[in-house]
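> First, the structure itself, so that you have it in front of you.
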Amino acid sequence: MKTWIKAFLMFLIFVLASIVWLIGIIFADFKFFILGGAILGFLGIYIYKNREDLKTVRTDNGDVVEDERNEFISEKAGNTTYEIIIFSMVSMGVAILTLRDIYPQHDIIAYTLLLVAIISFITNKIAKFYYKKKYN
């Protein structure tokens with residue numbers, strides 16, 4: 001079997017095992033939690049044993065050429081993704097807070113989402129300030 005097919009199958013197994021593991025956490029079902037954790041553990045062992053073979057998929061046989069355009073595109077894509085995630089977290093937090101009269105048990109989720117969004121926003125701004133000052 002080709003290496004990229006193995007890598008894709010491992011990715012699919014990882015996604016499915018993560019979903020099973022999260023279902024176990026969300027529904028407090030210990031069997032799903034253990035099953036997902038066991039699959040992820042076995043997948044980790046398989047990846048560790050075949051890491052040299054899998055590196056060829058990631059590095060494109062060592063012929064990787066980086067230039068400033070790729071760096072710029074990656075930075076812009078990362079910033080856009082970060083902004084969308086922060087916006088989503090704040091929106092979900094505010095939406096849950098507006099429903100606190102109906103679902104008072106979910107207040108802690110809303111406060112956690114908002115707190116994580118604020119902390120990650122502050123951390124991002126500090127890191128940007130630090131690296132701009134360091135490299136300019």
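In the structure tokens, chains take the letters A, B, ... in the order shown, each chain's residues start at 1, and ligands count up from 1 in the order shown.
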Per residue of stretch 4-98 of chain A within 10 Å of stretch 120-132 of chain A, what are the shortest atom pair and its distance in Å to one decimal, counting only C-alpha atoms, with rows by chain and residue number, as CSV?


```
residue,atom,partner,partner_atom,distance
A:Asn79,CA,A:Asn124,CA,9.9
A:Tyr82,CA,A:Phe121,CA,9.1
A:Glu83,CA,A:Phe121,CA,9.1
A:Ile86,CA,A:Phe121,CA,7.6
```

> Those same residues - N, CA and C atoms - I'd like them written as a tab-separated table (two decimals), in the first residue's frame.


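Heads up, here's the output in again-v3.tsv:
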```tsv
chain	number	residue	atom	x	y	z
A	79	ASN	N	-4.00	33.79	10.40
A	79	ASN	CA	-4.67	34.91	11.05
A	79	ASN	C	-6.18	34.86	10.81
A	82	TYR	N	-7.63	32.07	12.93
A	82	TYR	CA	-7.65	32.50	14.33
A	82	TYR	C	-8.81	33.45	14.59
A	83	GLU	N	-9.02	34.41	13.71
A	83	GLU	CA	-10.10	35.39	13.89
A	83	GLU	C	-11.46	34.71	13.84
A	86	ILE	N	-11.95	32.77	17.17
A	86	ILE	CA	-12.23	33.68	18.28
A	86	ILE	C	-13.65	34.23	18.15
```

> Please identify all polymer residues within 12 Å of A:Leu115, counting only C-alpha atoms, omitting same-chain residues fewer than 3 positions from it, and present them as an MDAnalysis selection string.

chainID A and resid 86 89:90 93:94 108:112 118:122

> Include N, CA and C atoms and write out the residues we just selected as a compact mmCIF listing (two decimals), in the first residue's frame.


```
# COMPACT_ATOMS: atom_id res chain seq x y z
N ILE A 86 -11.95 32.77 17.17
CA ILE A 86 -12.23 33.68 18.28
C ILE A 86 -13.65 34.23 18.15
N MET A 89 -16.13 31.54 19.16
CA MET A 89 -16.15 31.32 20.60
C MET A 89 -16.91 32.43 21.32
N VAL A 90 -16.67 33.66 20.93
CA VAL A 90 -17.37 34.79 21.56
C VAL A 90 -18.86 34.72 21.22
N GLY A 93 -20.45 31.98 23.27
CA GLY A 93 -20.51 32.38 24.67
C GLY A 93 -21.64 33.37 24.92
N VAL A 94 -21.77 34.35 24.05
CA VAL A 94 -22.83 35.35 24.20
C VAL A 94 -24.20 34.70 23.99
N ILE A 108 -21.55 28.16 33.05
CA ILE A 108 -20.10 27.94 33.17
C ILE A 108 -19.47 27.73 31.79
N ILE A 109 -20.21 27.11 30.87
CA ILE A 109 -19.70 26.92 29.51
C ILE A 109 -19.52 28.26 28.82
N ALA A 110 -20.50 29.14 28.98
CA ALA A 110 -20.42 30.45 28.34
C ALA A 110 -19.26 31.26 28.90
N TYR A 111 -19.11 31.26 30.22
CA TYR A 111 -18.01 32.00 30.82
C TYR A 111 -16.66 31.42 30.42
N THR A 112 -16.58 30.10 30.29
CA THR A 112 -15.33 29.47 29.86
C THR A 112 -14.99 29.86 28.43
N ILE A 118 -10.79 35.59 25.40
CA ILE A 118 -10.07 36.77 25.88
C ILE A 118 -8.59 36.45 26.11
N ILE A 119 -8.32 35.32 26.76
CA ILE A 119 -6.92 34.94 27.04
C ILE A 119 -6.16 34.71 25.74
N SER A 120 -6.76 34.00 24.77
CA SER A 120 -6.05 33.74 23.53
C SER A 120 -5.87 35.03 22.72
N PHE A 121 -6.83 35.94 22.77
CA PHE A 121 -6.68 37.22 22.09
C PHE A 121 -5.52 38.01 22.68
N ILE A 122 -5.45 38.07 24.00
CA ILE A 122 -4.36 38.80 24.67
C ILE A 122 -3.01 38.15 24.37
```

> Using only C-alpha atoms, which residue out of A:Trp21, A:Leu9, A:Glu68, A:Ile85 lies closest to A:Ile47?

A:Leu9

> Between atom CA of A:Leu43 and atom CA of A:Gly78, what is the distance in Å, rounded to a tenth?

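A separation of 27.7 Å between them.
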
> Write out as JSON, numbers by chain the residues lying within 6 Å of stretch 10-19 of chain A, counting only C-alpha atoms and excluding same-chain residues fewer than 3 positions away.

{"A": [7, 22, 36]}

> Have a look at atom CA of A:Ile84 and atom CA of A:Val116 and let me know their distance in Å, one decimal.

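Computed distance, atom CA of A:Ile84 to atom CA of A:Val116, equals 14.1 Å.
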
> Would you please work out which residue, of A:Tyr135, A:Lys6, A:Arg100, A:Phe87, is nearest to A:Tyr46 when using only C-alpha atoms?

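Ranking A:Tyr135, A:Lys6, A:Arg100, A:Phe87 by distance to A:Tyr46, first place goes to A:Lys6.
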
> Quick one: pull the distance between atom CA of A:Phe8 and atom CA of A:Leu35, Å, one decimal.

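Taking atom CA of A:Phe8 and atom CA of A:Leu35, their separation equals 21.0 Å.
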